[in-house]
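Notes follow the structure.
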Amino acid sequence: MKSLEKMVIYQIYPKSFQDSNDDGIGDIRGIIQHIDYFVELGIDMIWMNPIFVSPQKDNGYDITHYTKIDPIFGTMEDLEELIEKLEIHDIGLMFDMVFNHSSTTHPWFQQALAGNKKYEDFYIIRPPKDSGDLPTNWASKFGGPAWAPFGDSGKYYLHLYDPSQADLNWRNENMRNELYDIVDFWMDKGIKGFRFDVLNVIGKDEILVDSTGSIDQEKSLYTDTPVVHDYIREMNRKTFGHREITTVGEMSSTNIQNSIEYTKKENDQLDMIFSFHHLKVDYKDGDKWTLMDFDFLKLKEILFQWQLGMEKGNGWMALFWNNHDQPRSNHRFGDTKNYPYEVATMLAHCLHMMRGTPYIYQGEEFGMVGPHFKTITDYRDVESKNAYERLIKDHRHEEAMAIIAAKSRDDSRTPMQWDHGEKYYGFSKEKPWIMPADDGISLKRDRKNKNSIFQFYKDLIAIRKSEPIIQSGKIKPILVDHPRIFGYIRSNGEDEIIVLNNFYPEPVEIQWDLPSDEKIIGNGPLKKLTDTICLEPYECGSWKI
Ligand code: GLC
Ligand code: CA
């Protein structure tokens, strides 16, 4: 297996990557058309969001059948062809396993509803309280209560997400074994990696209790419970632990200590985790649906804490700014109007030189920005639509839309902008399921620029493969209190690399004696005065020292 330290993973949002049959929805054959693109970029693995049979209430995270391909994406033969063609280039395919919940359309849930006790115990079903209130006072992460009526039984089922996503009961061993069979099924098909959706909330207690305080206290009732580690270890030992498989757990509101336990080798759990704390630095008072400039010092503090903490505990983390649940990072953290190239490359540089496995989200590699739609009907995401309903109660329409534009998950879910000269950017010939941004950004245009973001990503990936310090060196934060520079040093005892990033649109000077001129990568001219470095707006660079 390729070492984690050398890997770079590319995330595809299948619905929006490439439509091969002009029904407006991206599909597997569309992905097959772009194999050369992945090879050119130099990535090792592709994580694909779920393509299983689903009513698509939450864009495929609501699964009806875990081992069947949804016809909107193609057929099993298409998938086999994709796996085979990627394998020729030593690129693995990572599947997205949504095991915290299934769709309520899943046969298990349907059988449970029909009175089959075996399947009733596959879910978390509870009577109301004596008072007639819901079993607990927990909130769904998509808004509203976390319980919905279980048919006309008088009981309720738990759904931490949408009511169409019923939480599975991991306490039930039969249920767990069914999930493990699914993992085996896909490994036999040649799937080489798994991303496990919201994996750290699978460990609910038998007796569920009301939260008594903040939302954080409420989450602690079902997040990172000790038994989660047991379940993951069991899954590892019964399934992927015996094969060469790359795994990553999506961990909601986790902490460093648990993340070390999830990922340190001797624990037989996972290779790495996604943590999201660094992407909450523009949440006013912890509320995502607000407008706020990001808190730069907080961003640094969080990323450094995680880098140092995971290094110390021998844990391993995924490095990412973007995914299908996040608004695109370049407009979130930088001035993309005036410095599109500099912002995109600086952010990538800051991340790729850290300790961990970098993930690139489709379109990030040539600076896609997001659509900023003006009306809520242009949005598709269930979470965004629910948020709009709440926001419009005490905001004017324009204010509410500004918040949705800044925070919606659809910001990153719009079609790939391959070619600005083509209708719908070459994604499809027919109207896409969600409209693309109207900004003229495209891969084709970027490739023609003297300063190409895509080229910069290729260089970053090549450096990770060739530079042992970046793969496994230690990390030491520098200039931690500096209000504009994100800097650190990677070292392996003998050699060191200094990594500097100016996060702001003003030039900045720092006193630093850069003993050598051996620049590994950078996006600007870098002016070096005797013992002073001057970084231009959003300039970044790494030097061997
Ligand atoms: C994860 C997915 C997200 C989905 C949620 C519920 O956070 O990334 O897209 O809505 O889980 O499955
Ligand atoms: Ca299609």
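Numbering starts fresh at 1 for the residues of each chain in the structure tokens, the chains themselves are lettered A, B, ... in the order given, and ligands are numbered from 1 as they appear.
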Inset, instruction - List the neighbours of A:Leu535 out to 10 Å using only C-alpha atoms; skip same-chain residues closer than 4 positions along the sequence, and give me the result as a PyMOL selection string. - result: chain A and resi 485+500-502+504+506-510+524-528+539-541
With the cut-off set at 10 Å and counting only C-alpha atoms, tabulate each residue of stretch 250-277 of chain A with an atom at most that distance from an atom of stretch 220-226 of chain A, showing the nearest atom pair and its distance in Å to one decimal, ordered by chain and increasing number, as a Markdown table.
| residue | atom | partner | partner_atom | distance |
| --- | --- | --- | --- | --- |
| A:Met251 | CA | A:Asp224 | CA | 8.5 |
| A:Ser252 | CA | A:Thr223 | CA | 7.6 |
| A:Ser253 | CA | A:Thr223 | CA | 7.6 |
| A:Thr254 | CA | A:Asp224 | CA | 6.7 |
| A:Asn255 | CA | A:Asp224 | CA | 8.6 |
| A:Asn258 | CA | A:Asp224 | CA | 7.0 |
| A:Ser259 | CA | A:Asp224 | CA | 9.3 |
| A:Tyr262 | CA | A:Asp224 | CA | 9.9 |
9 Å from ligand 2 is the threshold here; counting only C-alpha atoms and all ligand atoms, which polymer residues fall inside it? Answer as a compact mmCIF listing (two decimals) with C-alpha atoms, in the first residue's frame.
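Listing of selection-v4.txt after writing:
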# COMPACT_ATOMS: atom_id res chain seq x y z
CA LYS A 15 -23.59 14.66 -9.25
CA GLN A 18 -19.34 15.40 -15.52
CA ASP A 19 -22.61 14.44 -17.11
CA SER A 20 -22.07 11.85 -19.88
CA ASN A 21 -25.67 11.33 -21.05
CA ASP A 22 -27.02 14.87 -20.84
CA ASP A 23 -29.68 14.42 -18.23
CA GLY A 24 -28.17 17.24 -16.19
CA ILE A 25 -26.71 14.94 -13.52
CA GLY A 26 -23.08 13.91 -13.29
CA ASP A 27 -22.40 10.18 -13.54
CA ILE A 28 -19.80 7.41 -13.47
CA ARG A 29 -19.18 7.45 -17.22
CA GLY A 30 -18.53 11.16 -16.88
CA ILE A 72 -28.89 8.22 -12.10
CA PHE A 73 -25.14 7.55 -11.76
CA GLY A 74 -24.95 4.52 -14.09
CA SER A 428 -23.61 18.88 -19.51
Legend entry - Test item: residues lying within 6 Å of ligand 1 with only C-alpha atoms and all ligand atoms, as a list in words: Asp58, Tyr61, Tyr161, Asp197, Val198 and Asp325 of chain A
Inset, instruction - Can you work out which one of A:Ile207, A:Met310, A:Cys350, A:Leu199 has the shortest atom-to-atom distance to A:Thr136, counting only C-alpha atoms? - result: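 Smallest distance to A:Thr136 is found for A:Ile207.
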Legend entry - Non-local contacts of stretch 165-178 of chain A (7 Å; only C-alpha atoms; under 3 positions in same chain excluded) as number ranges by chain: A: 62, 100-104, 121-124, 157-162, 181-182, 202-203
Legend entry - Spatial neighbours of A:Glu494, 12 Å, only C-alpha atoms, chain gap at least 6 places, as a PyMOL selection string: chain A and resi 468-469+473-474+544-545
Inset, instruction - Identify all residues of stretch 237-390 of chain A in helix (DSSP H, G or I) (DSSP on the backbone) and supply them as JSON, numbers by chain. - result: {"A": [237, 238, 240, 241, 242, 256, 257, 258, 259, 260, 261, 262, 263, 265, 266, 267, 277, 278, 279, 280, 296, 297, 298, 299, 300, 301, 302, 303, 304, 305, 306, 307, 308, 309, 310, 311, 312, 329, 330, 331, 332, 333, 340, 341, 342, 343, 344, 345, 346, 347, 348, 349, 350, 351, 352, 364, 365, 366, 376, 377, 378, 382, 383, 384, 385, 386, 387, 388, 389, 390]}
Inset, instruction - Point out the residue among A:Gly286, A:Pro432, A:Pro537, A:Pro358 with the least atom-to-atom distance to A:Tyr341, counting only C-alpha atoms. - result: A:Pro537
Legend entry - Among the residues A:Pro483, A:Asn386, A:Gln257, A:Phe503, the one that comes closest to A:Gly334 [using only C-alpha atoms]: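 Looking only at the distances to A:Gly334, the closest residue turns out to be A:Phe503.
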For stretch 191-235 of chain A against stretch 32-53 of chain A, with a cut-off of 10 Å and counting only C-alpha atoms, what is the closest atom pair and its distance in Å to one decimal for every residue that makes the cut, ordered by chain and number, as CSV?
residue,atom,partner,partner_atom,distance
A:Lys192,CA,A:Met45,CA,8.3
A:Gly193,CA,A:Trp47,CA,7.8
A:Phe194,CA,A:Trp47,CA,7.9
A:Arg195,CA,A:Trp47,CA,7.4
A:Asp197,CA,A:Asn49,CA,9.9
The selected residues should be written to file as a short mmCIF file (atom, residue, chain, number, x, y, z; two decimals), in the first residue's frame (atoms: all heavy atoms).
data_model
loop_
_atom_site.label_atom_id
_atom_site.label_comp_id
_atom_site.auth_asym_id
_atom_site.auth_seq_id
_atom_site.Cartn_x
_atom_site.Cartn_y
_atom_site.Cartn_z
N LYS A 192 -10.75 0.58 -2.86
CA LYS A 192 -9.47 0.58 -2.13
C LYS A 192 -9.46 1.49 -0.90
O LYS A 192 -8.46 1.59 -0.19
CB LYS A 192 -8.36 1.02 -3.08
CG LYS A 192 -8.00 -0.01 -4.12
CD LYS A 192 -7.19 -1.13 -3.48
CE LYS A 192 -6.68 -2.14 -4.49
NZ LYS A 192 -7.71 -3.07 -4.96
N GLY A 193 -10.57 2.19 -0.69
CA GLY A 193 -10.60 3.06 0.48
C GLY A 193 -12.03 3.28 0.93
O GLY A 193 -12.98 3.10 0.16
N PHE A 194 -12.18 3.65 2.18
CA PHE A 194 -13.51 3.98 2.70
C PHE A 194 -13.45 5.27 3.51
O PHE A 194 -12.57 5.45 4.34
CB PHE A 194 -14.06 2.85 3.57
CG PHE A 194 -14.32 1.59 2.81
CD1 PHE A 194 -13.43 0.53 2.88
CD2 PHE A 194 -15.43 1.48 1.99
CE1 PHE A 194 -13.64 -0.63 2.16
CE2 PHE A 194 -15.65 0.32 1.25
CZ PHE A 194 -14.76 -0.74 1.33
N ARG A 195 -14.41 6.12 3.23
CA ARG A 195 -14.64 7.29 4.07
C ARG A 195 -15.92 6.96 4.83
O ARG A 195 -16.94 6.64 4.23
CB ARG A 195 -14.80 8.53 3.19
CG ARG A 195 -15.09 9.83 3.94
CD ARG A 195 -16.53 10.24 3.78
NE ARG A 195 -16.79 11.60 4.25
CZ ARG A 195 -18.00 12.04 4.58
NH1 ARG A 195 -19.05 11.24 4.47
NH2 ARG A 195 -18.17 13.27 5.00
N ASP A 197 -18.91 8.07 7.00
CA ASP A 197 -19.68 9.27 7.29
C ASP A 197 -19.99 9.37 8.79
O ASP A 197 -20.34 8.37 9.42
CB ASP A 197 -21.00 9.14 6.51
CG ASP A 197 -21.83 10.40 6.48
OD1 ASP A 197 -21.31 11.41 5.98
OD2 ASP A 197 -22.97 10.37 6.94
#
Inset, instruction - Could you please write out, as a PyMOL selection string, every residue of stretch 154-288 of chain A that DSSP assigns to strand (DSSP E)? - result: chain A and resi 156-158+165-167+193-196+246-250+272-274
Inset, instruction - Kindly give the distance, in Å, that separates atom CA of A:Asp205 and atom CA of A:Lys155, rounded to a single decimal. - result: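 Result for atom CA of A:Asp205 versus atom CA of A:Lys155: 17.8 Å, one decimal.
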Using only C-alpha atoms, what does the table of stretch 6-65 of chain A residues within 10 Å of stretch 105-118 of chain A look like, with each row giving the shortest atom pair and its distance in Å to one decimal, sorted by chain and ascending number, as a Markdown table?
| residue | atom | partner | partner_atom | distance |
| --- | --- | --- | --- | --- |
| A:Val53 | CA | A:His106 | CA | 9.5 |
| A:Ser54 | CA | A:Thr105 | CA | 8.2 |
| A:Pro55 | CA | A:Thr105 | CA | 7.8 |
| A:Asp62 | CA | A:Thr105 | CA | 8.6 |
| A:Ile63 | CA | A:His106 | CA | 6.8 |
| A:Thr64 | CA | A:His106 | CA | 4.1 |
| A:His65 | CA | A:His106 | CA | 6.4 |
Inset, instruction - Using only C-alpha atoms, determine which residues lie at most 9 Å from stretch 208-219 of chain A, disregarding the query and same-chain residues fewer than 6 positions distant; provide the list as a list of chain:residue names. - result: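 My list of contacting residues is A:Pro135, A:Thr136, A:Asn137, A:Trp138, A:Ala139, A:Val201, A:Ser253.
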Legend entry - For A:Asn330: contacts at 9 Å, only C-alpha atoms, fewer than 3 positions along chain excluded, given as an MDAnalysis selection string: chainID A and resid 321 327 333:336 340 343:344 347 364 367:369
Would you mind listing what lies within 8 Å of A:Gln471 as a PDB file with N, CA, C and O atoms, in the first residue's frame, with only C-alpha atoms counted and same-chain residues fewer than 6 positions away left out?
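Result went into selection-v2.pdb, see below:
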ATOM      1  N   GLU A   5       1.669   9.025   4.202  1.00  0.00           N
ATOM      2  CA  GLU A   5       2.425  10.284   4.195  1.00  0.00           C
ATOM      3  C   GLU A   5       2.613  10.834   2.791  1.00  0.00           C
ATOM      4  O   GLU A   5       2.784  12.027   2.607  1.00  0.00           O
ATOM      5  N   LYS A   6       2.603   9.916   1.814  1.00  0.00           N
ATOM      6  CA  LYS A   6       2.866  10.359   0.439  1.00  0.00           C
ATOM      7  C   LYS A   6       1.600  10.598  -0.350  1.00  0.00           C
ATOM      8  O   LYS A   6       1.634  11.071  -1.481  1.00  0.00           O
ATOM      9  N   ARG A 355       1.581  18.358   8.177  1.00  0.00           N
ATOM     10  CA  ARG A 355       1.670  16.933   8.465  1.00  0.00           C
ATOM     11  C   ARG A 355       0.267  16.322   8.378  1.00  0.00           C
ATOM     12  O   ARG A 355      -0.626  16.707   9.123  1.00  0.00           O
ATOM     13  N   GLY A 356       0.081  15.363   7.452  1.00  0.00           N
ATOM     14  CA  GLY A 356      -1.234  14.755   7.255  1.00  0.00           C
ATOM     15  C   GLY A 356      -1.401  14.367   5.798  1.00  0.00           C
ATOM     16  O   GLY A 356      -0.454  14.454   5.014  1.00  0.00           O
ATOM     17  N   ARG A 464       5.123  16.750  -2.354  1.00  0.00           N
ATOM     18  CA  ARG A 464       4.792  15.801  -1.274  1.00  0.00           C
ATOM     19  C   ARG A 464       5.393  14.431  -1.583  1.00  0.00           C
ATOM     20  O   ARG A 464       5.847  13.728  -0.689  1.00  0.00           O
ATOM     21  N   LYS A 465       5.420  14.058  -2.838  1.00  0.00           N
ATOM     22  CA  LYS A 465       5.927  12.728  -3.176  1.00  0.00           C
ATOM     23  C   LYS A 465       7.451  12.659  -3.099  1.00  0.00           C
ATOM     24  O   LYS A 465       8.012  11.594  -2.856  1.00  0.00           O
TER      25      LYS A 465
END
